[in-house]
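File shown here: work.pdb, holding PDB, C-alpha atoms.
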```
ATOM      1  CA  MET A   1     -23.985  -7.180   1.061
ATOM      2  CA  HIS A   2     -21.411  -9.905   0.492
ATOM      3  CA  ILE A   3     -17.880  -9.234   1.802
ATOM      4  CA  GLN A   4     -14.916 -11.085   0.316
ATOM      5  CA  VAL A   5     -11.428 -10.902   1.873
ATOM      6  CA  ASN A   6      -8.284 -11.565  -0.191
ATOM      7  CA  THR A   7      -4.720 -11.607   1.171
ATOM      8  CA  ASP A   8      -1.241 -11.919  -0.265
ATOM      9  CA  ASN A   9       1.194 -14.672   0.749
ATOM     10  CA  HIS A  10       2.633 -12.583   3.639
ATOM     11  CA  ILE A  11      -0.688 -12.283   5.495
ATOM     12  CA  GLN A  12      -2.309 -15.381   6.928
ATOM     13  CA  GLY A  13      -5.866 -15.219   5.587
ATOM     14  CA  ASP A  14      -7.558 -17.404   8.199
ATOM     15  CA  ASP A  15     -11.165 -17.386   9.417
ATOM     16  CA  ARG A  16     -10.366 -15.056  12.329
ATOM     17  CA  LEU A  17      -8.892 -12.412  10.006
ATOM     18  CA  ALA A  18     -11.886 -12.689   7.683
ATOM     19  CA  GLU A  19     -14.242 -12.317  10.657
ATOM     20  CA  VAL A  20     -12.461  -9.185  11.934
ATOM     21  CA  VAL A  21     -12.290  -7.570   8.488
ATOM     22  CA  GLU A  22     -15.942  -8.374   7.726
ATOM     23  CA  GLU A  23     -17.013  -6.894  11.069
ATOM     24  CA  VAL A  24     -15.044  -3.672  10.503
ATOM     25  CA  VAL A  25     -16.264  -3.234   6.916
ATOM     26  CA  ALA A  26     -19.905  -4.058   7.705
ATOM     27  CA  SER A  27     -19.884  -1.565  10.579
ATOM     28  CA  ALA A  28     -18.301   1.223   8.537
ATOM     29  CA  LEU A  29     -20.569   0.702   5.511
ATOM     30  CA  LYS A  30     -23.781   0.104   7.476
ATOM     31  CA  PRO A  31     -25.398   3.435   6.423
ATOM     32  CA  VAL A  32     -25.050   2.530   2.727
ATOM     33  CA  ALA A  33     -25.180  -1.278   2.947
ATOM     34  CA  LYS A  34     -28.626  -1.594   1.334
ATOM     35  CA  ARG A  35     -27.295  -0.093  -1.888
ATOM     36  CA  ILE A  36     -24.165  -2.281  -2.110
ATOM     37  CA  THR A  37     -24.191  -5.800  -3.517
ATOM     38  CA  ARG A  38     -20.599  -6.776  -2.847
ATOM     39  CA  VAL A  39     -17.424  -5.563  -1.144
ATOM     40  CA  GLU A  40     -13.940  -6.891  -1.846
ATOM     41  CA  VAL A  41     -11.072  -6.285   0.560
ATOM     42  CA  HIS A  42      -7.517  -6.876  -0.664
ATOM     43  CA  LEU A  43      -4.737  -6.956   1.937
ATOM     44  CA  LYS A  44      -1.001  -6.875   1.192
ATOM     45  CA  ASP A  45       2.023  -6.856   3.462
ATOM     46  CA  VAL A  46       4.384  -4.881   1.230
ATOM     47  CA  ASN A  47       7.600  -5.317   3.248
ATOM     48  CA  GLY A  48       6.885  -8.812   4.555
ATOM     49  CA  PRO A  49       8.705  -9.565   7.812
ATOM     50  CA  LYS A  50      10.733  -6.324   7.655
ATOM     51  CA  GLY A  51       7.884  -4.391   9.298
ATOM     52  CA  GLY A  52       7.082  -0.709   9.082
ATOM     53  CA  GLU A  53       4.040   1.012   7.608
ATOM     54  CA  ASP A  54       3.547  -1.713   5.095
ATOM     55  CA  ILE A  55      -0.040  -2.960   5.345
ATOM     56  CA  HIS A  56      -1.795  -1.970   2.143
ATOM     57  CA  ALA A  57      -5.602  -2.306   2.126
ATOM     58  CA  THR A  58      -7.872  -1.797  -0.847
ATOM     59  CA  VAL A  59     -11.618  -1.799  -0.168
ATOM     60  CA  GLU A  60     -13.812  -1.942  -3.264
ATOM     61  CA  ALA A  61     -17.594  -1.615  -3.166
ATOM     62  CA  ARG A  62     -19.962  -2.526  -5.960
ATOM     63  CA  PRO A  63     -23.150  -0.477  -5.654
ATOM     64  CA  GLU A  64     -26.254  -1.652  -7.509
ATOM     65  CA  GLY A  65     -26.408  -0.219 -11.015
ATOM     66  CA  MET A  66     -23.185   1.784 -10.649
ATOM     67  CA  ARG A  67     -19.504   1.370 -11.356
ATOM     68  CA  PRO A  68     -17.297  -0.014  -8.551
ATOM     69  CA  TYR A  69     -15.678   2.415  -6.111
ATOM     70  CA  ALA A  70     -12.348   1.617  -4.449
ATOM     71  CA  VAL A  71     -10.240   3.222  -1.729
ATOM     72  CA  GLN A  72      -6.655   2.388  -0.785
ATOM     73  CA  GLU A  73      -5.025   2.953   2.576
ATOM     74  CA  GLN A  74      -1.645   2.137   4.129
ATOM     75  CA  GLY A  75      -0.816   1.561   7.782
ATOM     76  CA  THR A  76       0.826  -0.682  10.343
ATOM     77  CA  ASP A  77      -2.274  -2.443  11.719
ATOM     78  CA  ILE A  78      -4.694  -4.444   9.564
ATOM     79  CA  ARG A  79      -7.826  -3.564  11.550
ATOM     80  CA  ALA A  80      -7.100   0.182  11.683
ATOM     81  CA  THR A  81      -6.052   0.339   8.028
ATOM     82  CA  VAL A  82      -9.184  -1.483   6.832
ATOM     83  CA  LYS A  83     -11.372   0.681   9.081
ATOM     84  CA  SER A  84      -9.863   3.882   7.697
ATOM     85  CA  ALA A  85     -10.306   2.719   4.090
ATOM     86  CA  ALA A  86     -13.894   1.565   4.699
ATOM     87  CA  GLU A  87     -14.868   4.845   6.370
ATOM     88  CA  THR A  88     -13.373   6.838   3.495
ATOM     89  CA  LEU A  89     -15.287   4.642   1.064
ATOM     90  CA  ARG A  90     -18.530   5.178   3.019
ATOM     91  CA  ARG A  91     -18.125   8.961   2.812
ATOM     92  CA  ARG A  92     -17.426   8.757  -0.914
ATOM     93  CA  LEU A  93     -20.473   6.560  -1.515
ATOM     94  CA  GLU A  94     -22.741   8.741   0.642
ATOM     95  CA  SER A  95     -21.676  11.715  -1.449
ATOM     96  CA  GLU A  96     -22.267   9.887  -4.719
ATOM     97  CA  PHE A  97     -25.637   8.504  -3.602
ATOM     98  CA  GLY A  98     -26.655  11.998  -2.450
ATOM     99  CA  LYS A  99     -25.850  13.464  -5.866
ATOM    100  CA  ARG A 100     -27.808  10.747  -7.638
ATOM    101  CA  ASP A 101     -30.802  11.111  -5.313
ATOM    102  CA  GLU A 102     -30.896  14.887  -5.883
ATOM    103  CA  ARG A 103     -31.205  14.336  -9.650
ATOM    104  CA  ARG A 104     -34.363  12.249  -9.264
TER     105      ARG A 104
END
```
As structure tokens, please, write out the structure in this file.
Amino acid sequence: MHIQVNTDNHIQGDDRLAEVVEEVVASALKPVAKRITRVEVHLKDVNGPKGGEDIHATVEARPEGMRPYAVQEQGTDIRATVKSAAETLRRRLESEFGKRDERR
């Protein structure tokens, strides 16, 4: 599972941020990781330096042989916002994989 991190111009997308985001996403998606080829994380700081609940995270997974699934979350902390989005995405994928497995 390849994880790609993208940021806007208000968030410094350095190696440390990428490492933290990759760790959080890999941990949250571990139960379904074998069925995912790629994950893209998009981070935006909507209000810039003004602050507030302005971190917008989109986590998109691309399961093998299926359409992409994406979840969006907003918060004040990058790590917590990404974690929340990734966990929601994991639950959605587990549900979808369960439905598909039942049909077989």
- Query: A:Asp45, A:Glu94, A:Glu102, A:Glu87: which is nearest Gln12 in chain A, counting all atoms listed in the file?
  - Reply: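 Under the stated criterion, the closest residue is A:Asp45.
Those residues positioned at most 6 Å from (5.3, -9.4, 4.8) are His10, Asp45, Val46, Asn47, Gly48 and Pro49 of chain A, judged using all atoms listed in the file.
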Store the residues picked out above, limited to C-alpha atoms, as a PDB file, in the coordinates of the input.
```
ATOM      1  CA  HIS A  10       2.633 -12.583   3.639  1.00  0.00           C
ATOM      2  CA  ASP A  45       2.023  -6.856   3.462  1.00  0.00           C
ATOM      3  CA  VAL A  46       4.384  -4.881   1.230  1.00  0.00           C
ATOM      4  CA  ASN A  47       7.600  -5.317   3.248  1.00  0.00           C
ATOM      5  CA  GLY A  48       6.885  -8.812   4.555  1.00  0.00           C
ATOM      6  CA  PRO A  49       8.705  -9.565   7.812  1.00  0.00           C
TER       7      PRO A  49
END
```
- In Å, with one decimal, what is the gap from CA of Thr76 in chain A to CA of Ile11 in chain A?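 Computing it gives 12.7 Å between the two atoms.
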- Excluding same-chain residues fewer than 5 positions from Lys34 in chain A, what lies within 10 Å of it counting only C-alpha atoms, as a list in words? Met1, Leu29, Pro63 and Glu64 of chain A
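Of the listed residues (A:Val71, A:Ala86, A:Val59, A:Leu93), A:Ala86 comes nearest to Ala28 in chain A; the distances count all atoms listed in the file.
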- Message: For Leu43 in chain A, find every residue with an atom within 8 Å (counting all atoms listed in the file), except residues of its own chain fewer than 6 positions away, and show them as a VMD selection string.
- Response: chain A and resid 5 to 8 11 55 to 58
- Query: Quick one: of A:Glu19, A:Asp101, A:Asp77, A:Glu60, who's nearest to Ile36 in chain A, counting only C-alpha atoms?
  - Reply: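 Using only C-alpha atoms, Ile36 in chain A sits closest to A:Glu60.
Shortest separation to Gly98 in chain A among A:Ala26, A:Leu17, A:Val32, A:Ile3 occurs at residue A:Val32, atoms counted being only C-alpha atoms.
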- Which residues come within 7 Å of Gln4 in chain A, counting all atoms listed in the file, excluding same-chain residues fewer than 2 positions away, as a list in words? His2, Asn6, Val39, Glu40 and Val41 of chain A
- Message: Can you measure CA of Ala33 in chain A to CA of Arg62 in chain A for me? One decimal in Å is fine.
- Response: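 CA of Arg62 in chain A lies 10.4 Å from CA of Ala33 in chain A.
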- Hey, can you check how far CA of Arg92 in chain A sits from CA of Tyr69 in chain A?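 CA of Arg92 in chain A sits 8.4 Å away from CA of Tyr69 in chain A.
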